[in-house]
Structures are given as structure tokens and as C-alpha cells.
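Participant: Below is one structure. I have some questions about it.
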Amino acid sequence: MNEQIIILDFGSQYTQVIARRIRECNVYSTILRFDTPAAEIARMNPKGIILSGGPNSVYTKDAPLPDKAIFKLGIPVLGICYGVQVFAQFLGGKVEKGQKREYGKGTLTIADKACALFKGLPEQSQVWNSHGDKLTRLPKDFVVVATTENSDYAAIEHTQRKYFGLQFHPEVVHTPRGKEIIANFVHGICGCGKNWTMRSYVDQAVEEIRAQVGKERVILGLSGGVDSSVAAALLHRAIGDQLTCIFVNNGLLRAREAEVVQEVFGRHFKVKLQYEQASALFLRKLKGVTDPERKRKIIGRTFIEVFQAATKRAGKAKFLAQGTLYPDVIESVPIAGNPAAMIKSHHNVGGLPKSMKFKLVEPLRCLFKDEVRLLGLELGLPKEIVYRQPFPGPGLGVRVLGELTTDKLRITREADAIVVEEMKASGLYYKIWQSFAVLLPCRSVGVMGDERTYDFTIAVRAVESQDGMTADWVKLPYDLLEKLATRIINEVKGVNRCVFDITSKPPGTIEWE
Ligand code: XMP
């Protein structure tokens, strides 16, 4: 079993960030609900516990509190923000509403240079605060180890029990030395080694998959996106020909997408790949449909139909593999104001019907997205797949506005290929969330050579985002925009105008439909 740190989640929007920071230290971390029984935690044998922040006040009636027996486990505990107040509640300190909210940057001054949490840090460094409540009396046997301009108790320690409390957030980027603080906790204080790497995870996952699947057969819907691709490569490493990947060409794919999947998985990895050419069927079902929601529903339903028929042809399989990631399985804490809870429900749309009687194999369910990418590289997948930008399930179906036709799909595909090529050439493609072409459903007048044209408009969209929930439009350099417009209009037959979308989300969405 991996050495691990348990994070008890009190509803902070940064809980997952804490988990990722720990894993960046090559230590495995697990997020559990704040009220997980101490006995259950003890069974997992963690090397340390972190109490996350949270939006509540510890002194209110409904405040989320942990099982107090966690303080009898004899392992180090780090409380962050609300987590400090939990110490106060259980170990004899006092928390009160602060005179003013401490929000934003502050300067941390270390009072005790021997404090193991701050090993290697300068006497002063920047930290980031976000709290309204304040510790006003230290819990029993705790001492102050650092202060900020607004807080005499910015960091506290119970040396003997290895309990630490931080009023500020070490996990966010605005605390530039925060990574070192977390590394000091997990390595120096909890004594964890650096055992969590994707190289070692491959062996562990291969063993687990083999143990779960035995000699049975597994089916996986391969979309060519990062998650299903990495899941396919991992499963293939574990069970070889017991895996069949089904790739559905819905006719709404980008340029060369189907070819790349066939090259990489069919020819290079020699995965058993069942290629379903269903473009004509999708287009037939979408004929005359202009409403975005109806388009999405038809695409979703048709996919299930095609996939179900394909699984029957693939022969008898007991398991269905899915590229579910850790953020989808963390049980979010239903505390009002916790945006993490909303993010989850948004992304859980779609999926296959429950009537498909498979058992699930989810070999990525303990990984974050950045770990999935590293795993992909470890398994030998090309950068083109591992670092590709997100692409919506309905594909170009929601990027050709209004009714879909073969010619409009061709125009969008060709324009999109130019956007991808130029974004890669400029070095921006892998730095931003998404960049793509959208075909507007109306034509306008132009002049090319001596001739009047009456053709379509392509909108270029480029956005920066952390999770797709909010996004900023990217200020692409003028010369890149000019090159995009010139190439798209010159090279894509049927386009005579190019515009750039400068809408952020909100109020816009990233996709246009
Ligand atoms: P919106 O348009 O809602 O998009 O701002 C947010 C992010 O989600 C992607 N997206 C989808 N992904 N199936 C998906 O797998 C979908 O139906 C879908 N719709 C939007 C979009 O590309 C963006 O990254």
C-alpha cells in the first residue's frame, strides 16, 4: 500500500489543490469527508492528516467537525485556515469573529527558526490569506511559530504531538513558498518518502487491473481524448488482447483525428481496435435540425445506439472500462458556498445507460488530470494525444452553428486544422485551455480578386481556463490573428471573412452551442 496523507475536507474550494500539491511531492494523498470515523482513517494507515479550510465558523451550531478521536491516532496533523480553528475547538483554544476579514497577500515573519514546517524558508515571505475568523487564544501547549501583519497566530505548533496550524493557505500559488511548507510537512514531519510516481503507478495499476479482470474481456470506448487514450494504453499494458477498444467516427471529428487514433492504437500499440464508421448515420439523424439542445441530444442518443450495437459485435465482454478521474469520484462536501460541489455536477452529464450490464473498470479513478498526462507519457503515448486540448463530446456538431451539412463540416474542419497548426507554431497551443474555429450560419459579401463573393464567416475562439467553468479570452498577438485570418480565407473554400471572439465566460460559454 502507498504511504499516504489523508485530507479531511471541510468544504474548501482548495481541497483538491492541497491533494495535488502533496502528490507533486511524490506522496499519495486521499480526500475524505470531514466526519470520516477515526477508526476508518486508522485502517488506511496514513502518515499524516491535513484539515482543510472551509467556509464555516467553527463556533456555530452546524459547524462541520471531525471525529475527535483523530487526535488520539498519534500521527502528525496540519490544520489550514478553518483547520486551525478545529484545533482550537478540540484542544482548548478560542476562535472569534475577526475585526476585519484578512483577505489577500500578507507577509509571514517566522518567529521560531527551528520550526520544522519552515525549514529552508527565509525569515519573511509572502503568504495568501482568506479568513474572517481569528484565533484569539492558543490551544493548550501550542506555541506561535510565525506571525503576519494582521495575525499574531499565523502559524502555531504543538511540538511534542507534531500538530501544526496555519491561518494562511500554503497550497495556493499566491503563497510562493507554500510548496516547500507542504513538502516539509509530508517529508520532514510525517516521514514520507517519494514513492508516488507514475512509473511505480504503472506496475501497481497493472497488477490491480489483472486482479480485477482475471481472464474476462474488457470493452473501452476510445474517443481519442486524453483520458480514454491513457486508459486504453494502460489496460492494454495489463491485459493485452483481452481489451477491445471501440472507436466511433461520428463524422463530427477534427481533421486527422480518426487517422491518429488508428495509427497510434491500431498500428503502433497493436490494440484490438474496432472502428465504427457511423458518419452517414449521424448526419442523417441531424438533417434539418438547428436547435443546439436537440442537436446535442440526437448526437448523444445516436452514440449510445452505435456503441451498444458495436459492443454486441465485439463479442462477450464482462467489463466496460472508463476513464473516470479522481475529481469525479471525490465525494464533495455539500456545504453551501462550496464551488467544488457545483463543478462536479456540471461535468457528470452524459454517460452510458445503466441498462448496459457491464462491470466497470476505472483504472484512472485515483488520478488527477496532470497525473493522467504523465502516465500517458510513461506509457509511450505521443505528446499530440497526451497534451491535446479538450474537445466536446458532440464535436464539430456544436461548432458548426445551426444545421449541419457535409460541406459546412468540411469548412470547419479545414479552418480548425489551420488554427491548431498556427497555435502550435506560435507555441501557444499547449499553454492555453482551448483554441478552435466556429462556423457561423450566415453568409456575407466580400471581394476576392475582381470577384464579389458571398461566403461564410469563421470565428476563432481562444480561451484560458482552469476547469472550463469560467474562462478568459486570450489576447492573441495581432500578427498571429492576421496570419490565421489570411490563411483561413485563402485556403478554405467557402470562407470570405474571419472574426475573433473576445467574450469571456461568463457571460459567454466556451462553445458557441
Ligand atoms: P461550455 O461551452 O459549457 O464548455 O462553456 C465548457 C467546457 O466543456 C467542454 N464541453 C463539453 N465536453 N461534452 C464534453 O465532453 C460536451 O457535451 C461538452 N460541451 C462543452 C467545452 O469544450 C469546454 O472545454
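Each chain in the C-alpha cells gets a letter, A, B and so on, in the order shown; residues start at 1 in every chain, and ligands are counted from 1 in the order they appear.
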So which residues touch Glu384 in chain A within 12 Å, counting only C-alpha atoms, skipping near sequence neighbours fewer than 2 positions away, as a PyMOL selection string?
Facilitator: chain A and resi 224-226+229+256-257+260-261+264+373+376-377+380-382+386-389+420-421+424+429-430
Participant: Just list as number ranges by chain whatever in range 288-414 of chain A DSSP marks as alpha helix (DSSP H).
Facilitator: A: 292-313, 326-329, 339-347, 369-378, 383-386, 406-414
Participant: Go through the chains and note each residue within 10 Å of ligand 1, using only C-alpha atoms and all ligand atoms, then give the set as a PDB file with N, CA and C atoms, in the first residue's frame.
Facilitator:
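Saved file part32.pdb follows:
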```
ATOM      1  N   GLY A 225      -9.518  11.295 -26.913  1.00  0.00           N
ATOM      2  CA  GLY A 225      -9.193  12.298 -25.898  1.00  0.00           C
ATOM      3  C   GLY A 225      -8.157  11.735 -24.921  1.00  0.00           C
ATOM      4  N   GLU A 293     -29.738  22.315 -28.412  1.00  0.00           N
ATOM      5  CA  GLU A 293     -30.011  21.252 -27.443  1.00  0.00           C
ATOM      6  C   GLU A 293     -30.483  19.984 -28.135  1.00  0.00           C
ATOM      7  N   ARG A 296     -27.478  18.272 -29.636  1.00  0.00           N
ATOM      8  CA  ARG A 296     -26.721  17.552 -28.607  1.00  0.00           C
ATOM      9  C   ARG A 296     -27.398  16.239 -28.223  1.00  0.00           C
ATOM     10  N   LYS A 297     -28.725  16.300 -28.038  1.00  0.00           N
ATOM     11  CA  LYS A 297     -29.450  15.087 -27.621  1.00  0.00           C
ATOM     12  C   LYS A 297     -29.363  14.005 -28.693  1.00  0.00           C
ATOM     13  N   ILE A 299     -27.081  13.646 -30.988  1.00  0.00           N
ATOM     14  CA  ILE A 299     -25.707  13.120 -31.072  1.00  0.00           C
ATOM     15  C   ILE A 299     -25.456  12.125 -29.930  1.00  0.00           C
ATOM     16  N   GLY A 300     -25.902  12.501 -28.712  1.00  0.00           N
ATOM     17  CA  GLY A 300     -25.714  11.630 -27.544  1.00  0.00           C
ATOM     18  C   GLY A 300     -26.430  10.298 -27.719  1.00  0.00           C
ATOM     19  N   HIS A 346     -21.700  19.566 -13.031  1.00  0.00           N
ATOM     20  CA  HIS A 346     -21.637  20.028 -14.418  1.00  0.00           C
ATOM     21  C   HIS A 346     -20.954  19.000 -15.309  1.00  0.00           C
ATOM     22  N   HIS A 347     -19.891  18.410 -14.779  1.00  0.00           N
ATOM     23  CA  HIS A 347     -19.109  17.510 -15.616  1.00  0.00           C
ATOM     24  C   HIS A 347     -19.660  16.102 -15.679  1.00  0.00           C
ATOM     25  N   ASN A 348     -20.660  15.811 -14.823  1.00  0.00           N
ATOM     26  CA  ASN A 348     -21.170  14.454 -14.814  1.00  0.00           C
ATOM     27  C   ASN A 348     -22.302  14.225 -15.812  1.00  0.00           C
ATOM     28  N   VAL A 349     -22.434  15.111 -16.776  1.00  0.00           N
ATOM     29  CA  VAL A 349     -23.503  14.937 -17.756  1.00  0.00           C
ATOM     30  C   VAL A 349     -23.161  13.799 -18.724  1.00  0.00           C
ATOM     31  N   GLY A 350     -24.190  13.214 -19.301  1.00  0.00           N
ATOM     32  CA  GLY A 350     -23.963  12.199 -20.332  1.00  0.00           C
ATOM     33  C   GLY A 350     -23.680  10.832 -19.739  1.00  0.00           C
ATOM     34  N   GLY A 351     -22.904  10.054 -20.455  1.00  0.00           N
ATOM     35  CA  GLY A 351     -22.569   8.714 -19.974  1.00  0.00           C
ATOM     36  C   GLY A 351     -23.459   7.665 -20.610  1.00  0.00           C
ATOM     37  N   GLN A 389      -5.865  19.589 -26.381  1.00  0.00           N
ATOM     38  CA  GLN A 389      -6.857  20.427 -25.707  1.00  0.00           C
ATOM     39  C   GLN A 389      -8.176  19.657 -25.600  1.00  0.00           C
ATOM     40  N   PRO A 390      -9.028  20.031 -24.623  1.00  0.00           N
ATOM     41  CA  PRO A 390     -10.329  19.361 -24.516  1.00  0.00           C
ATOM     42  C   PRO A 390     -11.141  19.553 -25.797  1.00  0.00           C
ATOM     43  N   PHE A 391     -11.929  18.536 -26.114  1.00  0.00           N
ATOM     44  CA  PHE A 391     -12.799  18.600 -27.293  1.00  0.00           C
ATOM     45  C   PHE A 391     -14.150  18.065 -26.856  1.00  0.00           C
ATOM     46  N   PRO A 392     -15.239  18.788 -27.118  1.00  0.00           N
ATOM     47  CA  PRO A 392     -16.535  18.347 -26.580  1.00  0.00           C
ATOM     48  C   PRO A 392     -17.019  17.049 -27.225  1.00  0.00           C
ATOM     49  N   GLY A 393     -17.747  16.263 -26.468  1.00  0.00           N
ATOM     50  CA  GLY A 393     -18.308  15.015 -26.985  1.00  0.00           C
ATOM     51  C   GLY A 393     -19.046  15.202 -28.316  1.00  0.00           C
ATOM     52  N   PRO A 394     -19.937  16.210 -28.426  1.00  0.00           N
ATOM     53  CA  PRO A 394     -20.662  16.409 -29.692  1.00  0.00           C
ATOM     54  C   PRO A 394     -19.792  16.964 -30.817  1.00  0.00           C
ATOM     55  N   GLY A 395     -18.533  17.198 -30.539  1.00  0.00           N
ATOM     56  CA  GLY A 395     -17.552  17.525 -31.574  1.00  0.00           C
ATOM     57  C   GLY A 395     -17.897  18.761 -32.379  1.00  0.00           C
ATOM     58  N   GLY A 397     -20.161  19.153 -34.187  1.00  0.00           N
ATOM     59  CA  GLY A 397     -21.612  19.334 -34.194  1.00  0.00           C
ATOM     60  C   GLY A 397     -22.032  20.600 -33.468  1.00  0.00           C
ATOM     61  N   VAL A 398     -21.262  21.022 -32.449  1.00  0.00           N
ATOM     62  CA  VAL A 398     -21.621  22.260 -31.746  1.00  0.00           C
ATOM     63  C   VAL A 398     -20.726  23.425 -32.163  1.00  0.00           C
ATOM     64  N   ARG A 399     -19.900  23.183 -33.185  1.00  0.00           N
ATOM     65  CA  ARG A 399     -19.055  24.276 -33.691  1.00  0.00           C
ATOM     66  C   ARG A 399     -19.470  24.719 -35.087  1.00  0.00           C
ATOM     67  N   TRP A 433      -6.112  26.785 -22.664  1.00  0.00           N
ATOM     68  CA  TRP A 433      -7.127  25.735 -22.464  1.00  0.00           C
ATOM     69  C   TRP A 433      -7.649  25.208 -23.796  1.00  0.00           C
ATOM     70  N   GLN A 434      -8.140  26.131 -24.638  1.00  0.00           N
ATOM     71  CA  GLN A 434      -8.694  25.705 -25.924  1.00  0.00           C
ATOM     72  C   GLN A 434      -8.522  26.782 -26.988  1.00  0.00           C
ATOM     73  N   SER A 435      -8.361  26.352 -28.235  1.00  0.00           N
ATOM     74  CA  SER A 435      -8.370  27.286 -29.372  1.00  0.00           C
ATOM     75  C   SER A 435      -8.969  26.537 -30.554  1.00  0.00           C
ATOM     76  N   PHE A 436      -9.945  27.154 -31.203  1.00  0.00           N
ATOM     77  CA  PHE A 436     -10.639  26.420 -32.270  1.00  0.00           C
ATOM     78  C   PHE A 436     -11.417  27.354 -33.187  1.00  0.00           C
ATOM     79  N   VAL A 463      -9.341  30.465 -25.503  1.00  0.00           N
ATOM     80  CA  VAL A 463      -9.643  30.783 -24.097  1.00  0.00           C
ATOM     81  C   VAL A 463      -8.654  30.150 -23.136  1.00  0.00           C
ATOM     82  N   GLU A 464      -8.494  30.857 -22.036  1.00  0.00           N
ATOM     83  CA  GLU A 464      -7.676  30.394 -20.926  1.00  0.00           C
ATOM     84  C   GLU A 464      -8.634  29.995 -19.811  1.00  0.00           C
ATOM     85  N   SER A 465      -8.401  28.845 -19.182  1.00  0.00           N
ATOM     86  CA  SER A 465      -9.302  28.400 -18.118  1.00  0.00           C
ATOM     87  C   SER A 465      -8.590  27.376 -17.250  1.00  0.00           C
ATOM     88  N   GLN A 466      -9.074  27.205 -16.013  1.00  0.00           N
ATOM     89  CA  GLN A 466      -8.518  26.165 -15.139  1.00  0.00           C
ATOM     90  C   GLN A 466      -9.332  24.886 -15.227  1.00  0.00           C
ATOM     91  N   ASP A 467     -10.636  25.040 -15.410  1.00  0.00           N
ATOM     92  CA  ASP A 467     -11.501  23.862 -15.327  1.00  0.00           C
ATOM     93  C   ASP A 467     -12.691  23.921 -16.278  1.00  0.00           C
ATOM     94  N   GLY A 468     -12.722  24.931 -17.142  1.00  0.00           N
ATOM     95  CA  GLY A 468     -13.835  25.035 -18.086  1.00  0.00           C
ATOM     96  C   GLY A 468     -15.053  25.734 -17.498  1.00  0.00           C
ATOM     97  N   MET A 469     -15.066  25.968 -16.177  1.00  0.00           N
ATOM     98  CA  MET A 469     -16.237  26.588 -15.551  1.00  0.00           C
ATOM     99  C   MET A 469     -16.270  28.098 -15.807  1.00  0.00           C
ATOM    100  N   THR A 470     -15.118  28.723 -15.741  1.00  0.00           N
ATOM    101  CA  THR A 470     -15.003  30.132 -16.116  1.00  0.00           C
ATOM    102  C   THR A 470     -13.843  30.204 -17.094  1.00  0.00           C
ATOM    103  N   ALA A 471     -13.820  31.255 -17.904  1.00  0.00           N
ATOM    104  CA  ALA A 471     -12.730  31.356 -18.890  1.00  0.00           C
ATOM    105  C   ALA A 471     -12.512  32.808 -19.295  1.00  0.00           C
ATOM    106  N   SER A 504     -15.603  36.523 -22.679  1.00  0.00           N
ATOM    107  CA  SER A 504     -15.171  35.621 -21.612  1.00  0.00           C
ATOM    108  C   SER A 504     -16.366  34.804 -21.125  1.00  0.00           C
ATOM    109  N   LYS A 505     -16.107  33.822 -20.277  1.00  0.00           N
ATOM    110  CA  LYS A 505     -17.186  33.018 -19.681  1.00  0.00           C
ATOM    111  C   LYS A 505     -17.152  33.232 -18.176  1.00  0.00           C
ATOM    112  N   PRO A 506     -18.230  33.607 -17.517  1.00  0.00           N
ATOM    113  CA  PRO A 506     -19.397  34.212 -18.123  1.00  0.00           C
ATOM    114  C   PRO A 506     -19.049  35.591 -18.684  1.00  0.00           C
ATOM    115  N   PRO A 507     -19.871  36.141 -19.493  1.00  0.00           N
ATOM    116  CA  PRO A 507     -21.247  35.763 -19.842  1.00  0.00           C
ATOM    117  C   PRO A 507     -21.355  34.764 -20.998  1.00  0.00           C
ATOM    118  N   GLY A 508     -20.324  34.594 -21.803  1.00  0.00           N
ATOM    119  CA  GLY A 508     -20.434  33.622 -22.896  1.00  0.00           C
ATOM    120  C   GLY A 508     -20.182  32.227 -22.355  1.00  0.00           C
ATOM    121  N   THR A 509     -20.411  31.196 -23.169  1.00  0.00           N
ATOM    122  CA  THR A 509     -19.890  29.870 -22.853  1.00  0.00           C
ATOM    123  C   THR A 509     -18.669  29.686 -23.745  1.00  0.00           C
ATOM    124  N   ILE A 510     -17.904  28.639 -23.496  1.00  0.00           N
ATOM    125  CA  ILE A 510     -16.711  28.427 -24.327  1.00  0.00           C
ATOM    126  C   ILE A 510     -17.144  28.000 -25.728  1.00  0.00           C
ATOM    127  N   GLU A 511     -17.967  26.953 -25.796  1.00  0.00           N
ATOM    128  CA  GLU A 511     -18.525  26.552 -27.094  1.00  0.00           C
ATOM    129  C   GLU A 511     -19.634  27.529 -27.466  1.00  0.00           C
ATOM    130  N   TRP A 512     -19.916  27.590 -28.767  1.00  0.00           N
ATOM    131  CA  TRP A 512     -20.964  28.524 -29.205  1.00  0.00           C
ATOM    132  C   TRP A 512     -22.346  27.900 -29.176  1.00  0.00           C
ATOM    133  N   GLU A 513     -22.428  26.583 -29.022  1.00  0.00           N
ATOM    134  CA  GLU A 513     -23.761  25.949 -28.930  1.00  0.00           C
ATOM    135  C   GLU A 513     -23.796  25.005 -27.752  1.00  0.00           C
TER     136      GLU A 513
END
```
Participant: Need to verify the contact set: range 45-59 of chain A, 8 Å, only C-alpha atoms, exclusion of same-chain residues closer than 6 positions in sequence. Can you return it as number ranges by chain?
Facilitator: A: 3-15, 34, 65, 75-86, 89, 95-96, 133, 186, 190-192, 335, 337-338
Participant: Hey, can you check how far CA of Met1 in chain A sits from CA of Thr30 in chain A?
Facilitator: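 Straight-line distance from CA of Met1 in chain A to CA of Thr30 in chain A works out to 12.8 Å.
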Participant: Which polymer residues have any atom within 8 Å of an atom of Phe456 in chain A, counting only C-alpha atoms, with same-chain residues fewer than 6 positions away left out, as a list of chain:residue names?
Facilitator: A:Leu439, A:Leu440, A:Pro441, A:Cys442, A:Arg443, A:Ser444, A:Gly494, A:Val495, A:Asn496, A:Arg497
Participant: Excluding Lys68 in chain A and any residue of its chain fewer than 3 positions from it, enumerate the residues within 8 Å of it, using only C-alpha atoms, and give them as a PyMOL selection string.
Facilitator: chain A and resi 38+71-72+90
Participant: With only C-alpha atoms as the counted atoms, please give the residues lying no more than 12 Å from Arg313 in chain A, apart from itself and same-chain residues fewer than 5 positions off, as a tab-separated table (two decimals) with all heavy atoms, in the first residue's frame.
Facilitator:
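Generated output (around15.tsv):
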```
chain	number	residue	atom	x	y	z
A	219	ILE	N	-14.23	-3.97	-22.65
A	219	ILE	CA	-14.50	-3.07	-23.77
A	219	ILE	C	-14.29	-1.65	-23.33
A	219	ILE	O	-14.62	-1.28	-22.20
A	219	ILE	CB	-15.94	-3.28	-24.28
A	219	ILE	CG1	-15.97	-4.54	-25.14
A	219	ILE	CG2	-16.45	-2.09	-25.07
A	219	ILE	CD1	-17.31	-4.88	-25.68
A	244	THR	N	-10.80	-4.77	-25.99
A	244	THR	CA	-11.22	-4.30	-27.31
A	244	THR	C	-11.61	-2.83	-27.18
A	244	THR	O	-12.42	-2.48	-26.33
A	244	THR	CB	-12.45	-5.08	-27.84
A	244	THR	OG1	-12.11	-6.46	-27.88
A	244	THR	CG2	-12.85	-4.61	-29.24
A	246	ILE	N	-13.40	0.40	-28.84
A	246	ILE	CA	-14.35	0.77	-29.90
A	246	ILE	C	-14.22	2.26	-30.18
A	246	ILE	O	-14.34	3.08	-29.26
A	246	ILE	CB	-15.79	0.42	-29.48
A	246	ILE	CG1	-15.91	-1.10	-29.31
A	246	ILE	CG2	-16.80	0.94	-30.50
A	246	ILE	CD1	-17.25	-1.55	-28.75
A	274	GLN	N	-11.77	-1.68	-32.80
A	274	GLN	CA	-12.95	-1.85	-33.64
A	274	GLN	C	-13.41	-0.47	-34.10
A	274	GLN	O	-13.86	0.34	-33.29
A	274	GLN	CB	-14.04	-2.55	-32.82
A	274	GLN	CG	-15.23	-2.97	-33.64
A	274	GLN	CD	-16.18	-3.81	-32.79
A	274	GLN	OE1	-15.76	-4.68	-32.03
A	274	GLN	NE2	-17.47	-3.56	-32.92
A	275	TYR	N	-13.24	-0.21	-35.39
A	275	TYR	CA	-13.51	1.12	-35.93
A	275	TYR	C	-14.93	1.15	-36.48
A	275	TYR	O	-15.28	0.38	-37.36
A	275	TYR	CB	-12.49	1.40	-37.05
A	275	TYR	CG	-12.61	2.76	-37.67
A	275	TYR	CD1	-11.94	3.84	-37.12
A	275	TYR	CD2	-13.37	2.96	-38.82
A	275	TYR	CE1	-12.04	5.10	-37.70
A	275	TYR	CE2	-13.49	4.21	-39.40
A	275	TYR	CZ	-12.81	5.27	-38.84
A	275	TYR	OH	-12.91	6.51	-39.40
A	276	GLU	N	-15.77	2.05	-35.93
A	276	GLU	CA	-17.17	2.12	-36.36
A	276	GLU	C	-17.37	3.38	-37.20
A	276	GLU	O	-17.36	4.49	-36.67
A	276	GLU	CB	-18.10	2.17	-35.14
A	276	GLU	CG	-18.04	0.96	-34.25
A	276	GLU	CD	-18.66	-0.28	-34.88
A	276	GLU	OE1	-19.63	-0.14	-35.66
A	276	GLU	OE2	-18.17	-1.39	-34.60
A	306	VAL	N	-25.06	3.38	-31.49
A	306	VAL	CA	-23.96	2.81	-32.27
A	306	VAL	C	-23.02	2.01	-31.35
A	306	VAL	O	-22.59	0.91	-31.67
A	306	VAL	CB	-23.15	3.94	-32.98
A	306	VAL	CG1	-21.89	3.40	-33.64
A	306	VAL	CG2	-24.02	4.64	-34.01
A	307	PHE	N	-22.77	2.57	-30.17
A	307	PHE	CA	-21.83	1.93	-29.25
A	307	PHE	C	-22.41	0.61	-28.75
A	307	PHE	O	-21.70	-0.40	-28.67
A	307	PHE	CB	-21.53	2.87	-28.07
A	307	PHE	CG	-20.39	2.39	-27.22
A	307	PHE	CD1	-19.07	2.58	-27.64
A	307	PHE	CD2	-20.62	1.76	-26.01
A	307	PHE	CE1	-18.01	2.13	-26.86
A	307	PHE	CE2	-19.56	1.31	-25.23
A	307	PHE	CZ	-18.26	1.50	-25.66
A	308	GLN	N	-23.71	0.61	-28.45
A	308	GLN	CA	-24.33	-0.62	-27.96
A	308	GLN	C	-24.27	-1.73	-29.01
A	308	GLN	O	-23.91	-2.86	-28.71
A	308	GLN	CB	-25.79	-0.37	-27.57
A	308	GLN	CG	-25.92	-0.05	-26.09
A	308	GLN	CD	-27.34	0.30	-25.70
A	308	GLN	OE1	-28.07	0.92	-26.47
A	308	GLN	NE2	-27.73	-0.08	-24.50
```
Participant: Go through A:Leu409, A:Cys366, A:Met356, A:Ile458 and flag the residue nearest Trp196 in chain A, using only C-alpha atoms for the distances.
Facilitator: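 Nearest to Trp196 in chain A: A:Cys366.
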Participant: Between A:Val333, A:Pro176, A:Tyr478, A:Thr136, which has the minimum distance to Asp35 in chain A (counting only C-alpha atoms)?
Facilitator: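 For Asp35 in chain A, the nearest of the candidates is A:Val333.
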Participant: Expressed in Å to a single decimal, how great is the separation between CA of Ala459 in chain A and CA of Ile489 in chain A?
Facilitator: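 Separating CA of Ala459 in chain A from CA of Ile489 in chain A is a distance of 11.5 Å.
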